[in-house]
Structures are given as C-alpha cells and as structure tokens.
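Novice: Please find final.pdb (PDB, C-alpha atoms, pLDDT in the B column) on the next line:
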ATOM      1  CA  MET A   1      -6.242  -9.478  -3.173  1.00 46.00           C
ATOM      2  CA  LEU A   2      -4.757 -10.529   0.113  1.00 50.00           C
ATOM      3  CA  GLY A   3      -6.254  -8.293   2.788  1.00 52.00           C
ATOM      4  CA  TYR A   4      -5.051  -7.265   6.203  1.00 50.00           C
ATOM      5  CA  HIS A   5      -7.226  -9.775   8.027  1.00 46.00           C
ATOM      6  CA  SER A   6      -5.690 -12.622   6.032  1.00 45.00           C
ATOM      7  CA  LEU A   7      -2.247 -11.520   7.180  1.00 49.00           C
ATOM      8  CA  ASP A   8      -3.277 -11.690  10.827  1.00 50.00           C
ATOM      9  CA  MET A   9      -3.962 -15.383  10.504  1.00 46.00           C
ATOM     10  CA  ASP A  10      -1.368 -16.509   7.973  1.00 61.00           C
ATOM     11  CA  SER A  11       1.674 -14.281   7.606  1.00 76.00           C
ATOM     12  CA  VAL A  12       3.513 -15.066   4.410  1.00 81.00           C
ATOM     13  CA  SER A  13       6.988 -14.110   5.629  1.00 85.00           C
ATOM     14  CA  GLY A  14       6.617 -13.967   9.383  1.00 85.00           C
ATOM     15  CA  VAL A  15       7.518 -10.252   9.194  1.00 90.00           C
ATOM     16  CA  GLY A  16       4.229  -8.404   9.562  1.00 90.00           C
ATOM     17  CA  VAL A  17       5.314  -5.029   8.238  1.00 93.00           C
ATOM     18  CA  LEU A  18       6.867  -6.595   5.141  1.00 94.00           C
ATOM     19  CA  ASP A  19       3.678  -8.543   4.478  1.00 94.00           C
ATOM     20  CA  LYS A  20       1.671  -5.310   4.741  1.00 95.00           C
ATOM     21  CA  VAL A  21       4.042  -3.476   2.397  1.00 96.00           C
ATOM     22  CA  MET A  22       3.607  -6.248  -0.167  1.00 95.00           C
ATOM     23  CA  VAL A  23      -0.187  -5.987   0.098  1.00 95.00           C
ATOM     24  CA  VAL A  24       0.100  -2.240  -0.588  1.00 96.00           C
ATOM     25  CA  LEU A  25       2.455  -2.722  -3.539  1.00 96.00           C
ATOM     26  CA  ARG A  26       0.362  -5.467  -5.114  1.00 95.00           C
ATOM     27  CA  SER A  27      -2.752  -3.353  -4.800  1.00 96.00           C
ATOM     28  CA  ILE A  28      -1.101  -0.340  -6.421  1.00 96.00           C
ATOM     29  CA  ALA A  29       0.406  -2.507  -9.163  1.00 94.00           C
ATOM     30  CA  ASP A  30      -3.166  -3.216 -10.302  1.00 91.00           C
ATOM     31  CA  ARG A  31      -3.937   0.507 -10.724  1.00 95.00           C
ATOM     32  CA  PRO A  32      -3.016   3.922  -9.258  1.00 97.00           C
ATOM     33  CA  GLN A  33      -5.035   4.651  -6.121  1.00 97.00           C
ATOM     34  CA  ALA A  34      -5.810   7.521  -3.805  1.00 97.00           C
ATOM     35  CA  LEU A  35      -5.105   6.892  -0.129  1.00 96.00           C
ATOM     36  CA  SER A  36      -8.775   6.144   0.618  1.00 96.00           C
ATOM     37  CA  GLN A  37      -8.951   3.671  -2.293  1.00 97.00           C
ATOM     38  CA  LEU A  38      -5.765   2.027  -1.111  1.00 96.00           C
ATOM     39  CA  GLN A  39      -7.179   1.580   2.359  1.00 96.00           C
ATOM     40  CA  ALA A  40     -10.345   0.011   0.960  1.00 96.00           C
ATOM     41  CA  SER A  41      -8.495  -2.294  -1.426  1.00 95.00           C
ATOM     42  CA  THR A  42      -6.013  -3.562   1.170  1.00 95.00           C
ATOM     43  CA  GLY A  43      -8.225  -3.715   4.244  1.00 95.00           C
ATOM     44  CA  LEU A  44      -5.389  -2.166   6.266  1.00 95.00           C
ATOM     45  CA  PRO A  45      -6.116   0.512   8.887  1.00 96.00           C
ATOM     46  CA  ARG A  46      -6.003   4.079   7.518  1.00 95.00           C
ATOM     47  CA  ALA A  47      -3.029   5.062   9.702  1.00 96.00           C
ATOM     48  CA  THR A  48      -1.053   2.029   8.524  1.00 96.00           C
ATOM     49  CA  VAL A  49      -1.751   2.698   4.839  1.00 97.00           C
ATOM     50  CA  HIS A  50      -0.822   6.356   5.299  1.00 97.00           C
ATOM     51  CA  ARG A  51       2.451   5.538   7.072  1.00 97.00           C
ATOM     52  CA  LEU A  52       3.493   2.859   4.586  1.00 97.00           C
ATOM     53  CA  ALA A  53       2.513   4.791   1.449  1.00 97.00           C
ATOM     54  CA  PHE A  54       4.385   7.921   2.479  1.00 97.00           C
ATOM     55  CA  ALA A  55       7.442   5.927   3.589  1.00 97.00           C
ATOM     56  CA  LEU A  56       7.473   4.033   0.283  1.00 97.00           C
ATOM     57  CA  GLU A  57       7.125   7.341  -1.558  1.00 97.00           C
ATOM     58  CA  SER A  58      10.121   8.785   0.305  1.00 96.00           C
ATOM     59  CA  HIS A  59      12.187   5.810  -0.928  1.00 96.00           C
ATOM     60  CA  GLY A  60      10.975   6.206  -4.509  1.00 97.00           C
ATOM     61  CA  VAL A  61       9.115   2.904  -4.514  1.00 97.00           C
ATOM     62  CA  LEU A  62       5.833   4.812  -4.897  1.00 98.00           C
ATOM     63  CA  ARG A  63       5.127   8.174  -6.459  1.00 97.00           C
ATOM     64  CA  ARG A  64       2.003  10.233  -7.047  1.00 97.00           C
ATOM     65  CA  ASP A  65       0.463  10.896 -10.424  1.00 96.00           C
ATOM     66  CA  VAL A  66      -1.094  14.175 -11.605  1.00 96.00           C
ATOM     67  CA  ASP A  67      -4.346  13.222  -9.820  1.00 96.00           C
ATOM     68  CA  ASP A  68      -2.449  12.690  -6.523  1.00 95.00           C
ATOM     69  CA  ARG A  69      -2.967   8.920  -6.665  1.00 97.00           C
ATOM     70  CA  PHE A  70      -0.193   6.586  -5.590  1.00 97.00           C
ATOM     71  CA  GLU A  71       1.432   4.511  -8.323  1.00 97.00           C
ATOM     72  CA  LEU A  72       4.597   2.451  -8.579  1.00 97.00           C
ATOM     73  CA  GLY A  73       7.705   4.595  -8.639  1.00 95.00           C
ATOM     74  CA  HIS A  74      11.096   4.074 -10.173  1.00 87.00           C
ATOM     75  CA  GLY A  75      12.924   3.411  -6.885  1.00 72.00           C
TER      76      GLY A  75
END
Would you mind writing the file's structure down as structure tokens?

Specialist:
Amino acid sequence: MLGYHSLDMDSVSGVGVLDKVMVVLRSIADRPQALSQLQASTGLPRATVHRLAFALESHGVLRRDVDDRFELGHG
C-alpha cells in the first residue's frame, strides 16, 4: 500500500489531497476499517484521515457499516 511518506517524495498526480484521497480509498477497498485502522494502514496523520473520511462519507463515497467501520459507499 502506498503510504503518506511515499506521497511526499513522489506525488502521483501532483495534487496532494487527491493522492491522499486515493490512498484512503485503496486502503478501504481492501477491507472495511475503523478510523484508527485507516490511519495505521495509510500512514496519514490522524487529523488528515479523519477529515478525508468524513468528507468522503458526506459525498457518499464512503459509508459506515454496522460496526462503525468505513467501507466503500454507493456515491
């Protein structure tokens, strides 16, 4: 999995926030994850993961399952 530190050195798109969103989505595509698991799997700072996950949820791209883990949404 591409982590945050990899993005610092070699941005895929040149748009940092988009690269971080893709890291979050790819991580969640592997399996539903709680916020703390998502932070660990992406290597992104907690505040960044929180902000991105909740923003993606508000757009329907992510949703939460019955165990309050983030998973891909239908948006």

Novice: Which residues would end up in the selection if the PyMOL selection byres ((chain A and resi 43-58) around 8) were applied here, given that I need the answer as a VMD selection string?

Specialist: chain A and resid 3 to 5 20 to 21 24 35 to 36 38 to 42 59 to 63 70 73

Novice: Using only C-alpha atoms, please write the residues we just selected to a file, as a PDB file, keeping the file's coordinate frame.

Specialist:
ATOM      1  CA  GLY A   3      -6.254  -8.293   2.788  1.00 52.00           C
ATOM      2  CA  TYR A   4      -5.051  -7.265   6.203  1.00 50.00           C
ATOM      3  CA  HIS A   5      -7.226  -9.775   8.027  1.00 46.00           C
ATOM      4  CA  LYS A  20       1.671  -5.310   4.741  1.00 95.00           C
ATOM      5  CA  VAL A  21       4.042  -3.476   2.397  1.00 96.00           C
ATOM      6  CA  VAL A  24       0.100  -2.240  -0.588  1.00 96.00           C
ATOM      7  CA  LEU A  35      -5.105   6.892  -0.129  1.00 96.00           C
ATOM      8  CA  SER A  36      -8.775   6.144   0.618  1.00 96.00           C
ATOM      9  CA  LEU A  38      -5.765   2.027  -1.111  1.00 96.00           C
ATOM     10  CA  GLN A  39      -7.179   1.580   2.359  1.00 96.00           C
ATOM     11  CA  ALA A  40     -10.345   0.011   0.960  1.00 96.00           C
ATOM     12  CA  SER A  41      -8.495  -2.294  -1.426  1.00 95.00           C
ATOM     13  CA  THR A  42      -6.013  -3.562   1.170  1.00 95.00           C
ATOM     14  CA  HIS A  59      12.187   5.810  -0.928  1.00 96.00           C
ATOM     15  CA  GLY A  60      10.975   6.206  -4.509  1.00 97.00           C
ATOM     16  CA  VAL A  61       9.115   2.904  -4.514  1.00 97.00           C
ATOM     17  CA  LEU A  62       5.833   4.812  -4.897  1.00 98.00           C
ATOM     18  CA  ARG A  63       5.127   8.174  -6.459  1.00 97.00           C
ATOM     19  CA  PHE A  70      -0.193   6.586  -5.590  1.00 97.00           C
ATOM     20  CA  GLY A  73       7.705   4.595  -8.639  1.00 95.00           C
TER      21      GLY A  73
END

Novice: Could you tell me, as a PyMOL selection string, exactly which residues end up selected when the PyMOL selection byres ((chain A and resi 69) around 7) is applied to this structure?

Specialist: chain A and resi 32-34+64-65+67-68+70-71

Novice: Just the number, please: distance in Å from CA of Leu72 in chain A to CA of Ala29 in chain A, one decimal.

Specialist: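 Straight-line distance from CA of Leu72 in chain A to CA of Ala29 in chain A works out to 6.5 Å.
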
Novice: Do you have the CA of His74 in chain A-CA of Gly14 in chain A distance handy?

Specialist: 27.0 Å

Novice: What box, with edges along x, y and z, holds each listed atom of range 47-51 of chain A when 4 Å is added on every side, and can you state its centre and edge lengths in Å to one decimal, as AutoDock Vina command-line options?

Specialist:
--center_x -0.3 --center_y 4.2 --center_z 7.3 --size_x 13.5 --size_y 12.3 --size_z 12.9
